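File shown: input_20.pdb. Contents: PDB, C-alpha atoms and all ligand atoms.
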MODEL        1
ATOM      1  CA  MET A 484       6.535 -17.672   2.132  1.00  0.00           C
ATOM      2  CA  PRO A 485       5.486 -14.093   1.358  1.00  0.00           C
ATOM      3  CA  ARG A 486       6.523 -11.494   3.901  1.00  0.00           C
ATOM      4  CA  LYS A 487       3.781 -10.236   6.233  1.00  0.00           C
ATOM      5  CA  ILE A 488       3.482  -6.458   5.999  1.00  0.00           C
ATOM      6  CA  ALA A 489       1.355  -3.983   7.964  1.00  0.00           C
ATOM      7  CA  ALA A 490       1.472  -0.695   6.075  1.00  0.00           C
ATOM      8  CA  GLY A 491      -0.155   2.552   7.132  1.00  0.00           C
ATOM      9  CA  ASN A 492      -1.029   5.228   4.595  1.00  0.00           C
ATOM     10  CA  TRP A 493      -1.488   8.537   6.377  1.00  0.00           C
ATOM     11  CA  LYS A 494      -2.623  10.234   3.136  1.00  0.00           C
ATOM     12  CA  MET A 495      -2.778  14.043   3.613  1.00  0.00           C
ATOM     13  CA  ASN A 496      -2.894  13.833   7.400  1.00  0.00           C
ATOM     14  CA  GLY A 497      -0.370  14.599  10.081  1.00  0.00           C
ATOM     15  CA  THR A 498       1.924  17.341  11.307  1.00  0.00           C
ATOM     16  CA  LEU A 499       5.019  17.140  13.497  1.00  0.00           C
ATOM     17  CA  GLU A 500       2.736  16.393  16.452  1.00  0.00           C
ATOM     18  CA  ALA A 501       2.058  12.975  14.919  1.00  0.00           C
ATOM     19  CA  LEU A 502       5.618  11.833  15.608  1.00  0.00           C
ATOM     20  CA  SER A 503       4.450  10.604  19.009  1.00  0.00           C
ATOM     21  CA  GLU A 504       1.963   8.249  17.320  1.00  0.00           C
ATOM     22  CA  ALA A 505       4.757   6.923  15.133  1.00  0.00           C
ATOM     23  CA  ALA A 506       6.842   6.234  18.217  1.00  0.00           C
ATOM     24  CA  GLY A 507       4.035   4.112  19.653  1.00  0.00           C
ATOM     25  CA  ILE A 508       3.760   2.228  16.368  1.00  0.00           C
ATOM     26  CA  ALA A 509       7.532   1.705  16.130  1.00  0.00           C
ATOM     27  CA  ALA A 510       7.518   0.139  19.579  1.00  0.00           C
ATOM     28  CA  ALA A 511       5.093  -2.546  18.346  1.00  0.00           C
ATOM     29  CA  ALA A 512       6.728  -3.155  14.991  1.00  0.00           C
ATOM     30  CA  ASP A 513       8.855  -6.125  15.982  1.00  0.00           C
ATOM     31  CA  ASP A 514       7.020  -9.173  14.692  1.00  0.00           C
ATOM     32  CA  VAL A 515       5.998  -8.203  11.163  1.00  0.00           C
ATOM     33  CA  GLU A 516       7.349  -5.696   8.676  1.00  0.00           C
ATOM     34  CA  THR A 517       5.619  -2.452   9.646  1.00  0.00           C
ATOM     35  CA  VAL A 518       5.644   0.534   7.326  1.00  0.00           C
ATOM     36  CA  LEU A 519       4.259   4.051   7.706  1.00  0.00           C
ATOM     37  CA  CYS A 520       3.734   6.227   4.643  1.00  0.00           C
ATOM     38  CA  PRO A 521       3.281   9.769   5.998  1.00  0.00           C
ATOM     39  CA  PRO A 522       2.883  12.935   3.948  1.00  0.00           C
ATOM     40  CA  ALA A 523       6.154  14.012   2.320  1.00  0.00           C
ATOM     41  CA  THR A 524       6.762  16.703   4.937  1.00  0.00           C
ATOM     42  CA  LEU A 525       7.049  14.034   7.643  1.00  0.00           C
ATOM     43  CA  ILE A 526       9.213  11.452   5.864  1.00  0.00           C
ATOM     44  CA  ALA A 527      12.583  12.784   7.040  1.00  0.00           C
ATOM     45  CA  PRO A 528      11.594  13.486  10.664  1.00  0.00           C
ATOM     46  CA  LEU A 529       9.761  10.198  10.924  1.00  0.00           C
ATOM     47  CA  ALA A 530      12.638   8.249   9.382  1.00  0.00           C
ATOM     48  CA  SER A 531      15.017   9.872  11.785  1.00  0.00           C
ATOM     49  CA  ALA A 532      12.729   9.140  14.767  1.00  0.00           C
ATOM     50  CA  ALA A 533      12.394   5.512  13.618  1.00  0.00           C
ATOM     51  CA  GLN A 534      16.138   4.924  13.363  1.00  0.00           C
ATOM     52  CA  GLY A 535      17.152   1.923  15.426  1.00  0.00           C
ATOM     53  CA  THR A 536      13.586   0.562  15.400  1.00  0.00           C
ATOM     54  CA  PRO A 537      12.124  -1.954  12.926  1.00  0.00           C
ATOM     55  CA  LEU A 538       9.621   0.628  11.618  1.00  0.00           C
ATOM     56  CA  ARG A 539      10.104   1.398   7.924  1.00  0.00           C
ATOM     57  CA  ILE A 540       9.014   4.592   6.181  1.00  0.00           C
ATOM     58  CA  GLY A 541       7.442   5.016   2.763  1.00  0.00           C
ATOM     59  CA  GLY A 542       6.360   7.745   0.382  1.00  0.00           C
ATOM     60  CA  GLN A 543       2.849   7.964  -1.069  1.00  0.00           C
ATOM     61  CA  SER A 544       3.835   8.558  -4.703  1.00  0.00           C
ATOM     62  CA  CYS A 545       6.880   9.462  -6.773  1.00  0.00           C
ATOM     63  CA  HIS A 546       7.632  11.118 -10.089  1.00  0.00           C
ATOM     64  CA  PRO A 547       9.064   8.858 -12.804  1.00  0.00           C
ATOM     65  CA  THR A 548      12.192  10.970 -13.261  1.00  0.00           C
ATOM     66  CA  ALA A 549      14.993  11.554 -10.775  1.00  0.00           C
ATOM     67  CA  ALA A 550      15.051  15.372 -10.874  1.00  0.00           C
ATOM     68  CA  GLY A 551      13.958  18.286 -13.020  1.00  0.00           C
ATOM     69  CA  ALA A 552      11.348  20.930 -13.708  1.00  0.00           C
ATOM     70  CA  HIS A 553       8.293  19.271 -12.140  1.00  0.00           C
ATOM     71  CA  THR A 554       6.851  21.709  -9.628  1.00  0.00           C
ATOM     72  CA  GLY A 555       5.297  20.041  -6.631  1.00  0.00           C
ATOM     73  CA  ASP A 556       6.605  16.564  -7.406  1.00  0.00           C
ATOM     74  CA  ILE A 557       9.019  14.357  -5.498  1.00  0.00           C
ATOM     75  CA  SER A 558      11.322  11.738  -7.005  1.00  0.00           C
ATOM     76  CA  ALA A 559      12.004   8.244  -5.749  1.00  0.00           C
ATOM     77  CA  GLU A 560      15.631   9.252  -5.212  1.00  0.00           C
ATOM     78  CA  MET A 561      14.469  12.101  -2.949  1.00  0.00           C
ATOM     79  CA  LEU A 562      12.351   9.685  -0.933  1.00  0.00           C
ATOM     80  CA  VAL A 563      15.414   7.482  -0.418  1.00  0.00           C
ATOM     81  CA  ASP A 564      17.438  10.529   0.543  1.00  0.00           C
ATOM     82  CA  ALA A 565      14.801  11.404   3.166  1.00  0.00           C
ATOM     83  CA  GLY A 566      14.956   7.902   4.649  1.00  0.00           C
ATOM     84  CA  ALA A 567      12.184   5.986   2.874  1.00  0.00           C
ATOM     85  CA  ALA A 568      12.403   2.312   1.968  1.00  0.00           C
ATOM     86  CA  TYR A 569       8.984   1.970   0.307  1.00  0.00           C
ATOM     87  CA  VAL A 570       6.672   3.995  -1.912  1.00  0.00           C
ATOM     88  CA  ILE A 571       2.998   3.533  -2.733  1.00  0.00           C
ATOM     89  CA  THR A 572       2.269   3.646  -6.463  1.00  0.00           C
ATOM     90  CA  GLY A 573      -1.103   3.683  -8.203  1.00  0.00           C
ATOM     91  CA  HIS A 574      -3.271   4.535  -5.210  1.00  0.00           C
ATOM     92  CA  SER A 575      -6.829   5.100  -6.430  1.00  0.00           C
ATOM     93  CA  GLU A 576      -6.809   8.599  -4.909  1.00  0.00           C
ATOM     94  CA  ARG A 577      -3.811   9.464  -7.135  1.00  0.00           C
ATOM     95  CA  ARG A 578      -5.548   7.908 -10.112  1.00  0.00           C
ATOM     96  CA  THR A 579      -8.687   9.992  -9.394  1.00  0.00           C
ATOM     97  CA  ASP A 580      -7.219  13.259  -8.035  1.00  0.00           C
ATOM     98  CA  HIS A 581      -4.278  13.468 -10.447  1.00  0.00           C
ATOM     99  CA  GLY A 582      -5.518  11.460 -13.416  1.00  0.00           C
ATOM    100  CA  GLU A 583      -2.704   8.934 -13.099  1.00  0.00           C
ATOM    101  CA  THR A 584      -2.981   6.142 -15.659  1.00  0.00           C
ATOM    102  CA  ASP A 585      -1.672   2.596 -15.604  1.00  0.00           C
ATOM    103  CA  ALA A 586       1.237   3.783 -17.775  1.00  0.00           C
ATOM    104  CA  ASP A 587       2.066   6.477 -15.205  1.00  0.00           C
ATOM    105  CA  VAL A 588       1.942   3.908 -12.432  1.00  0.00           C
ATOM    106  CA  ARG A 589       4.262   1.632 -14.371  1.00  0.00           C
ATOM    107  CA  ALA A 590       6.764   4.468 -14.840  1.00  0.00           C
ATOM    108  CA  GLN A 591       6.578   5.373 -11.149  1.00  0.00           C
ATOM    109  CA  THR A 592       7.095   1.759 -10.135  1.00  0.00           C
ATOM    110  CA  GLU A 593      10.162   1.531 -12.382  1.00  0.00           C
ATOM    111  CA  ALA A 594      11.428   4.750 -10.786  1.00  0.00           C
ATOM    112  CA  ALA A 595      10.923   3.239  -7.338  1.00  0.00           C
ATOM    113  CA  TRP A 596      13.051   0.224  -8.280  1.00  0.00           C
ATOM    114  CA  ARG A 597      15.713   2.421  -9.882  1.00  0.00           C
ATOM    115  CA  ALA A 598      16.099   4.254  -6.571  1.00  0.00           C
ATOM    116  CA  GLY A 599      16.066   1.037  -4.533  1.00  0.00           C
ATOM    117  CA  LEU A 600      12.582   1.437  -3.059  1.00  0.00           C
ATOM    118  CA  VAL A 601      10.042  -1.332  -2.692  1.00  0.00           C
ATOM    119  CA  ALA A 602       6.864  -0.357  -4.573  1.00  0.00           C
ATOM    120  CA  ILE A 603       3.487  -0.978  -2.954  1.00  0.00           C
ATOM    121  CA  LEU A 604       1.455  -1.034  -6.150  1.00  0.00           C
ATOM    122  CA  CYS A 605      -2.285  -0.526  -5.650  1.00  0.00           C
ATOM    123  CA  ILE A 606      -5.071  -1.913  -7.801  1.00  0.00           C
ATOM    124  CA  GLY A 607      -8.823  -1.954  -7.229  1.00  0.00           C
ATOM    125  CA  GLU A 608     -12.226  -1.899  -8.876  1.00  0.00           C
ATOM    126  CA  THR A 609     -15.023   0.628  -8.478  1.00  0.00           C
ATOM    127  CA  LEU A 610     -18.450  -0.371  -7.199  1.00  0.00           C
ATOM    128  CA  ALA A 611     -19.902  -0.120 -10.714  1.00  0.00           C
ATOM    129  CA  GLU A 612     -17.209  -2.447 -12.039  1.00  0.00           C
ATOM    130  CA  ARG A 613     -17.862  -4.953  -9.257  1.00  0.00           C
ATOM    131  CA  GLU A 614     -21.606  -4.840  -9.816  1.00  0.00           C
ATOM    132  CA  ALA A 615     -21.035  -5.443 -13.526  1.00  0.00           C
ATOM    133  CA  GLY A 616     -19.067  -8.603 -12.676  1.00  0.00           C
ATOM    134  CA  GLU A 617     -15.850  -7.102 -14.046  1.00  0.00           C
ATOM    135  CA  THR A 618     -13.687  -7.167 -10.911  1.00  0.00           C
ATOM    136  CA  LEU A 619     -11.060  -9.710 -11.944  1.00  0.00           C
ATOM    137  CA  ALA A 620     -10.908  -8.393 -15.508  1.00  0.00           C
ATOM    138  CA  VAL A 621     -10.367  -4.835 -14.259  1.00  0.00           C
ATOM    139  CA  LEU A 622      -7.612  -5.913 -11.869  1.00  0.00           C
ATOM    140  CA  ASN A 623      -5.875  -7.934 -14.576  1.00  0.00           C
ATOM    141  CA  THR A 624      -6.011  -4.979 -16.956  1.00  0.00           C
ATOM    142  CA  GLN A 625      -4.536  -2.728 -14.265  1.00  0.00           C
ATOM    143  CA  LEU A 626      -1.711  -5.195 -13.665  1.00  0.00           C
ATOM    144  CA  ASP A 627      -1.103  -5.623 -17.410  1.00  0.00           C
ATOM    145  CA  GLY A 628      -0.694  -1.858 -17.716  1.00  0.00           C
ATOM    146  CA  SER A 629       1.035  -0.921 -14.488  1.00  0.00           C
ATOM    147  CA  LEU A 630       3.201  -3.810 -13.286  1.00  0.00           C
ATOM    148  CA  PRO A 631       6.567  -3.582 -15.053  1.00  0.00           C
ATOM    149  CA  ASP A 632       8.473  -6.639 -16.249  1.00  0.00           C
ATOM    150  CA  GLY A 633      10.983  -7.601 -13.609  1.00  0.00           C
ATOM    151  CA  ALA A 634       8.637  -7.403 -10.634  1.00  0.00           C
ATOM    152  CA  THR A 635       9.795  -9.677  -7.828  1.00  0.00           C
ATOM    153  CA  ALA A 636       8.785 -10.304  -4.248  1.00  0.00           C
ATOM    154  CA  ALA A 637      11.820  -8.255  -3.238  1.00  0.00           C
ATOM    155  CA  ASN A 638      10.948  -5.103  -5.186  1.00  0.00           C
ATOM    156  CA  THR A 639       7.128  -5.119  -5.271  1.00  0.00           C
ATOM    157  CA  VAL A 640       4.156  -5.601  -2.977  1.00  0.00           C
ATOM    158  CA  ILE A 641       0.637  -5.615  -4.414  1.00  0.00           C
ATOM    159  CA  ALA A 642      -2.198  -3.949  -2.512  1.00  0.00           C
ATOM    160  CA  TYR A 643      -5.750  -4.844  -3.486  1.00  0.00           C
ATOM    161  CA  GLU A 644      -7.871  -1.856  -2.523  1.00  0.00           C
ATOM    162  CA  PRO A 645     -11.465  -1.960  -3.764  1.00  0.00           C
ATOM    163  CA  VAL A 646     -12.253   1.710  -4.378  1.00  0.00           C
ATOM    164  CA  TRP A 647     -15.717   1.349  -2.823  1.00  0.00           C
ATOM    165  CA  ALA A 648     -14.180   0.124   0.458  1.00  0.00           C
ATOM    166  CA  ILE A 649     -11.685   2.976   0.916  1.00  0.00           C
ATOM    167  CA  GLY A 650     -12.645   5.356   3.691  1.00  0.00           C
ATOM    168  CA  THR A 651     -16.269   4.238   3.526  1.00  0.00           C
ATOM    169  CA  GLY A 652     -16.405   1.828   6.455  1.00  0.00           C
ATOM    170  CA  LYS A 653     -17.545  -0.818   3.942  1.00  0.00           C
ATOM    171  CA  VAL A 654     -15.033  -3.615   4.171  1.00  0.00           C
ATOM    172  CA  ALA A 655     -15.030  -6.288   1.473  1.00  0.00           C
ATOM    173  CA  THR A 656     -16.333  -9.635   2.725  1.00  0.00           C
ATOM    174  CA  PRO A 657     -13.820 -12.413   3.349  1.00  0.00           C
ATOM    175  CA  ALA A 658     -15.228 -14.244   0.312  1.00  0.00           C
ATOM    176  CA  GLN A 659     -14.724 -11.174  -1.904  1.00  0.00           C
ATOM    177  CA  VAL A 660     -11.172 -10.667  -0.652  1.00  0.00           C
ATOM    178  CA  ALA A 661     -10.344 -14.361  -0.980  1.00  0.00           C
ATOM    179  CA  GLU A 662     -11.594 -14.532  -4.577  1.00  0.00           C
ATOM    180  CA  VAL A 663      -9.347 -11.655  -5.623  1.00  0.00           C
ATOM    181  CA  HIS A 664      -6.302 -12.670  -3.585  1.00  0.00           C
ATOM    182  CA  ASP A 665      -6.471 -16.277  -4.804  1.00  0.00           C
ATOM    183  CA  ALA A 666      -6.492 -14.977  -8.383  1.00  0.00           C
ATOM    184  CA  LEU A 667      -3.576 -12.620  -7.638  1.00  0.00           C
ATOM    185  CA  ARG A 668      -1.592 -15.460  -6.071  1.00  0.00           C
ATOM    186  CA  ALA A 669      -2.178 -17.622  -9.159  1.00  0.00           C
ATOM    187  CA  ARG A 670      -0.962 -14.799 -11.382  1.00  0.00           C
ATOM    188  CA  LEU A 671       1.921 -13.414  -9.312  1.00  0.00           C
ATOM    189  CA  GLY A 672       3.413 -16.552  -7.764  1.00  0.00           C
ATOM    190  CA  PRO A 673       3.975 -17.872  -4.253  1.00  0.00           C
ATOM    191  CA  GLU A 674       6.379 -15.242  -2.875  1.00  0.00           C
ATOM    192  CA  MET A 675       4.890 -11.809  -3.547  1.00  0.00           C
ATOM    193  CA  SER A 676       3.216 -10.131  -0.562  1.00  0.00           C
ATOM    194  CA  LEU A 677      -0.461  -9.385  -1.255  1.00  0.00           C
ATOM    195  CA  LEU A 678      -2.052  -6.748   0.984  1.00  0.00           C
ATOM    196  CA  TYR A 679      -5.723  -5.915   1.375  1.00  0.00           C
ATOM    197  CA  GLY A 680      -6.763  -2.310   1.900  1.00  0.00           C
ATOM    198  CA  GLY A 681     -10.140  -0.671   2.486  1.00  0.00           C
ATOM    199  CA  SER A 682     -11.630   0.100   5.909  1.00  0.00           C
ATOM    200  CA  VAL A 683      -9.314  -2.290   7.780  1.00  0.00           C
ATOM    201  CA  LYS A 684      -9.827  -1.778  11.511  1.00  0.00           C
ATOM    202  CA  ALA A 685      -8.817  -3.586  14.685  1.00  0.00           C
ATOM    203  CA  GLY A 686     -12.244  -5.241  14.710  1.00  0.00           C
ATOM    204  CA  ASN A 687     -12.038  -6.827  11.249  1.00  0.00           C
ATOM    205  CA  ALA A 688      -8.279  -7.286  10.762  1.00  0.00           C
ATOM    206  CA  ALA A 689      -7.982 -10.807  12.198  1.00  0.00           C
ATOM    207  CA  GLU A 690     -10.707 -12.152   9.911  1.00  0.00           C
ATOM    208  CA  ILE A 691      -9.083 -10.658   6.823  1.00  0.00           C
ATOM    209  CA  PHE A 692      -5.524 -11.661   7.757  1.00  0.00           C
ATOM    210  CA  ALA A 693      -6.679 -15.241   8.374  1.00  0.00           C
ATOM    211  CA  LEU A 694      -7.319 -15.666   4.640  1.00  0.00           C
ATOM    212  CA  GLU A 695      -4.729 -17.869   2.986  1.00  0.00           C
ATOM    213  CA  ASN A 696      -3.496 -15.406   0.385  1.00  0.00           C
ATOM    214  CA  VAL A 697      -3.682 -12.202   2.412  1.00  0.00           C
ATOM    215  CA  ASP A 698      -0.211 -11.285   3.681  1.00  0.00           C
ATOM    216  CA  GLY A 699      -1.085  -8.016   5.379  1.00  0.00           C
ATOM    217  CA  GLY A 700      -2.919  -4.745   5.042  1.00  0.00           C
ATOM    218  CA  LEU A 701      -2.626  -1.239   3.657  1.00  0.00           C
ATOM    219  CA  VAL A 702      -4.473   0.795   6.241  1.00  0.00           C
ATOM    220  CA  GLY A 703      -5.634   4.398   5.957  1.00  0.00           C
ATOM    221  CA  GLY A 704      -7.679   5.962   8.752  1.00  0.00           C
ATOM    222  CA  ALA A 705      -6.850   3.308  11.337  1.00  0.00           C
ATOM    223  CA  SER A 706      -3.097   3.846  10.925  1.00  0.00           C
ATOM    224  CA  LEU A 707      -3.094   7.436  12.188  1.00  0.00           C
ATOM    225  CA  LYS A 708      -3.215   6.579  15.887  1.00  0.00           C
ATOM    226  CA  ALA A 709      -1.010   4.023  17.587  1.00  0.00           C
ATOM    227  CA  ALA A 710      -4.008   2.883  19.650  1.00  0.00           C
ATOM    228  CA  ASP A 711      -5.795   1.901  16.422  1.00  0.00           C
ATOM    229  CA  PHE A 712      -2.866   0.605  14.368  1.00  0.00           C
ATOM    230  CA  VAL A 713      -0.947  -1.414  16.976  1.00  0.00           C
ATOM    231  CA  PRO A 714      -3.805  -3.958  17.378  1.00  0.00           C
ATOM    232  CA  ILE A 715      -3.862  -4.350  13.587  1.00  0.00           C
ATOM    233  CA  VAL A 716      -0.118  -5.051  13.547  1.00  0.00           C
ATOM    234  CA  ALA A 717      -0.675  -7.534  16.389  1.00  0.00           C
ATOM    235  CA  ALA A 718      -3.497  -9.249  14.495  1.00  0.00           C
ATOM    236  CA  LEU A 719      -1.176  -9.706  11.520  1.00  0.00           C
ATOM    237  CA  ALA A 720       1.605 -11.057  13.719  1.00  0.00           C
ATOM    238  CA  ALA A 721      -0.835 -13.570  15.215  1.00  0.00           C
ATOM    239  CA  SER A 722      -2.253 -14.687  11.844  1.00  0.00           C
TER
HETATM  240  P1  LIG B   1      -9.023   3.374   4.783  1.00  0.00           P
HETATM  241  O1  LIG B   1      -8.329   2.307   5.619  1.00  0.00           O
HETATM  242  O2  LIG B   1      -9.145   4.685   5.474  1.00  0.00           O
HETATM  243  O3  LIG B   1     -10.284   2.844   4.192  1.00  0.00           O
HETATM  244  O4  LIG B   1      -8.029   3.658   3.542  1.00  0.00           O
HETATM  245  C1  LIG B   1      -7.528   2.587   2.829  1.00  0.00           C
HETATM  246  C2  LIG B   1      -6.490   3.085   1.909  1.00  0.00           C
HETATM  247  O5  LIG B   1      -6.764   3.752   0.932  1.00  0.00           O
HETATM  248  C3  LIG B   1      -5.078   2.786   2.229  1.00  0.00           C
HETATM  249  O6  LIG B   1      -4.242   3.123   1.181  1.00  0.00           O
ENDMDL
END
Could you write out this structure as structure tokens?
Ligand code: 13P
Amino acid sequence: MPRKIAAGNWKMNGTLEALSEAAGIAAAADDVETVLCPPATLIAPLASAAQGTPLRIGGQSCHPTAAGAHTGDISAEMLVDAGAAYVITGHSERRTDHGETDADVRAQTEAAWRAGLVAILCIGETLAEREAGETLAVLNTQLDGSLPDGATAANTVIAYEPVWAIGTGKVATPAQVAEVHDALRARLGPEMSLLYGGSVKAGNAAEIFALENVDGGLVGGASLKAADFVPIVAALAAS
């Protein structure tokens, strides 16, 4: 059985004040693997606050190399040093904002494994690609280019995040999610955790998590406050 995972991606949000939200989330993290990926400045304090709780911490990206002259970047080894156990790779905002390619994402995912992190590798189609009927082809091309050989359920989680559903309030329909997740399951095997991301909220989480091949969520906006994220974690635990 794939592991159920509720992951929160805080993106570029949160200061030290947000540690109280994390404490509320940690208190509810018992039943399913719960991960928060805060901005880099909060990884160490959050990891230290989460010690002794089941809450796990993740980075939002990593550089392919372990150290060197790369101003502004953070390596997978540094994330481990700060207390992270996971890292997101290939988020569409990184692909758009920083021009990251599938080859970059592959190198980052390999770096995550090298350091002992679990990679949460994101894939997703744009609205134009979906409307052109290219969704599954686009996702397969992204996986061909970005998922390294040697991916296992222990070192990799896949997050399907349709770009048009991220931060827009437009959640993919259960039928749209099921079509993609069934195809991912057929390609990636029975054990790998497959997360859905894109406008997941307390009000729609149960319906999405009820789908056979959805093992959890990668949640943006609704992971910032314990009052919003805890019901999502509970919906996953009950699914
Ligand atoms: P929202 O949940 O805010 O739509 O963001 C989804 C996402 O990009 C998580 O990585």
Correct to one decimal, the distance atom CA of Val570 of chain A-atom CA of Tyr679 of chain A is 16.2 Å
Quick one: apply the PyMOL selection byres (((chain A and resi 484-500) around 6) and not hetatm) to the file and drop the selected residues here as a VMD selection string.
-> chain A and resid 501 to 502 515 to 522 674 to 676 698 to 703 706 716
Please build the interface table for segment 484-571 of chain A against segment 592-606 of chain A with a cut-off of 6 Å, listing for each qualifying residue the nearest atom pair and the distance in Å to one decimal; count only C-alpha atoms, order rows by chain and increasing number, and write it as CSV.
residue,atom,partner,partner_atom,distance
A:Pro547,CA,A:Ala594,CA,5.2
A:Ala559,CA,A:Ala595,CA,5.4
A:Glu560,CA,A:Ala598,CA,5.2
A:Ala568,CA,A:Leu600,CA,5.1
A:Tyr569,CA,A:Val601,CA,4.6
A:Val570,CA,A:Ala602,CA,5.1
A:Ile571,CA,A:Ile603,CA,4.5
Convert the current residue selection to file output with C-alpha atoms, as a PDB file, in the coordinates of the input.
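Written output follows (out.pdb):
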ATOM      1  CA  PRO A 547       9.064   8.858 -12.804  1.00  0.00           C
ATOM      2  CA  ALA A 559      12.004   8.244  -5.749  1.00  0.00           C
ATOM      3  CA  GLU A 560      15.631   9.252  -5.212  1.00  0.00           C
ATOM      4  CA  ALA A 568      12.403   2.312   1.968  1.00  0.00           C
ATOM      5  CA  TYR A 569       8.984   1.970   0.307  1.00  0.00           C
ATOM      6  CA  VAL A 570       6.672   3.995  -1.912  1.00  0.00           C
ATOM      7  CA  ILE A 571       2.998   3.533  -2.733  1.00  0.00           C
TER       8      ILE A 571
END
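Taking atom CA of Asp580 of chain A as the reference point, atom CA of Thr548 of chain A is found at 20.2 Å.
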Box time for ligand LIG 1 (chain B): axis-aligned, enclosing all its listed atoms, 6 Å extra on each side; report centre and edge lengths in Å to one decimal, as AutoDock Vina command-line options.
--center_x -7.3 --center_y 3.5 --center_z 3.3 --size_x 18.0 --size_y 14.4 --size_z 16.7
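The coordinates place atom CA of Glu504 of chain A at 22.1 Å from atom CA of Ala689 of chain A.
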Expected selection from the PyMOL selection byres (((chain A and resi 507) around 10) and not hetatm), given as a list in words | Leu502, Ser503, Glu504, Ala505, Ala506, Ile508, Ala509, Ala510, Ala511, Ala512, Lys708, Ala709, Ala710, Phe712 and Val713 of chain A
When the cut-off is 7 Å and you count only C-alpha atoms and all ligand atoms, which residues lie near ligand LIG 1 (chain B), shown as a PyMOL selection string?
-> chain A and resi 491-492+574+644+648-652+680-683+701-705
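Distances to Ala527 of chain A were evaluated for A:Glu608, A:Asp665, A:Asp564, A:Asp711 using all atoms listed in the file, and the minimum falls at A:Asp564.
Ranking A:Ser722, A:Ser531, A:Gln591, A:Ser575 by their shortest atom-to-atom distance to Ala549 of chain A, with all atoms listed in the file included, puts A:Gln591 first.
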Could you state which residues are captured by the PyMOL selection byres (((chain A and resi 691) around 12) and not hetatm) in this file, as a PyMOL selection string?
-> chain A and resi 654-661+664+677-690+692-701+715+718-719+722
Could you check which of A:Ala642, A:Leu562, A:Val588, A:Ala666 is closest to Gly607 of chain A, using all atoms listed in the file?
->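 So, comparing all the options, the nearest one is A:Ala642.
These residues, each with an atom at most 6 Å from (11.1, 3.7, 7.8) using all atoms listed in the file, are Ala530, Leu538, Arg539, Ile540 and Ala567 of chain A.
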Take the residues from that selection and write them out as a PDB file, keeping the file's coordinate frame, keeping C-alpha atoms.
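The resulting selection.pdb:
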ATOM      1  CA  ALA A 530      12.638   8.249   9.382  1.00  0.00           C
ATOM      2  CA  LEU A 538       9.621   0.628  11.618  1.00  0.00           C
ATOM      3  CA  ARG A 539      10.104   1.398   7.924  1.00  0.00           C
ATOM      4  CA  ILE A 540       9.014   4.592   6.181  1.00  0.00           C
ATOM      5  CA  ALA A 567      12.184   5.986   2.874  1.00  0.00           C
TER       6      ALA A 567
END
Determine the nearest neighbour of Leu630 of chain A from the options A:Arg577, A:His546, A:Arg668, A:Arg589, counting all atoms listed in the file.
->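 Distance minimum relative to Leu630 of chain A lands on A:Arg589.
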For Ala634 of chain A, which residue out of A:Val563, A:Val646, A:Leu619, A:Gly672 is the nearest one, using only C-alpha atoms?
->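 Of the candidates, the smallest distance to Ala634 of chain A is held by A:Gly672.
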Keeping C-alpha atoms (and nothing else), can you write segment 656-686 of chain A of this structure as a short mmCIF file (atom, residue, chain, number, x, y, z; two decimals), in the first residue's frame?
data_model
loop_
_atom_site.label_atom_id
_atom_site.label_comp_id
_atom_site.auth_asym_id
_atom_site.auth_seq_id
_atom_site.Cartn_x
_atom_site.Cartn_y
_atom_site.Cartn_z
CA THR A 656 -12.80 17.40 -11.01
CA PRO A 657 -12.64 13.94 -9.46
CA ALA A 658 -12.87 12.45 -12.97
CA GLN A 659 -9.91 14.55 -14.16
CA VAL A 660 -7.82 13.61 -11.13
CA ALA A 661 -8.77 9.94 -11.39
CA GLU A 662 -7.82 9.75 -15.08
CA VAL A 663 -4.34 11.10 -14.37
CA HIS A 664 -3.74 9.18 -11.14
CA ASP A 665 -4.88 5.89 -12.68
CA ALA A 666 -2.39 6.44 -15.50
CA LEU A 667 0.37 7.33 -13.02
CA ARG A 668 -0.37 4.21 -10.97
CA ALA A 669 -0.14 2.05 -14.11
CA ARG A 670 3.21 3.62 -14.96
CA LEU A 671 4.79 3.89 -11.50
CA GLY A 672 3.57 0.72 -9.78
CA PRO A 673 1.49 -0.10 -6.72
CA GLU A 674 3.68 1.36 -3.95
CA MET A 675 4.57 4.93 -4.91
CA SER A 676 2.57 7.66 -3.14
CA LEU A 677 0.68 9.84 -5.63
CA LEU A 678 -0.42 13.25 -4.33
CA TYR A 679 -2.84 15.69 -5.90
CA GLY A 680 -2.19 19.41 -5.61
CA GLY A 681 -4.14 22.46 -6.76
CA SER A 682 -6.66 24.38 -4.64
CA VAL A 683 -7.12 21.55 -2.12
CA LYS A 684 -9.23 22.86 0.76
CA ALA A 685 -11.04 21.35 3.73
CA GLY A 686 -14.25 21.44 1.68
#
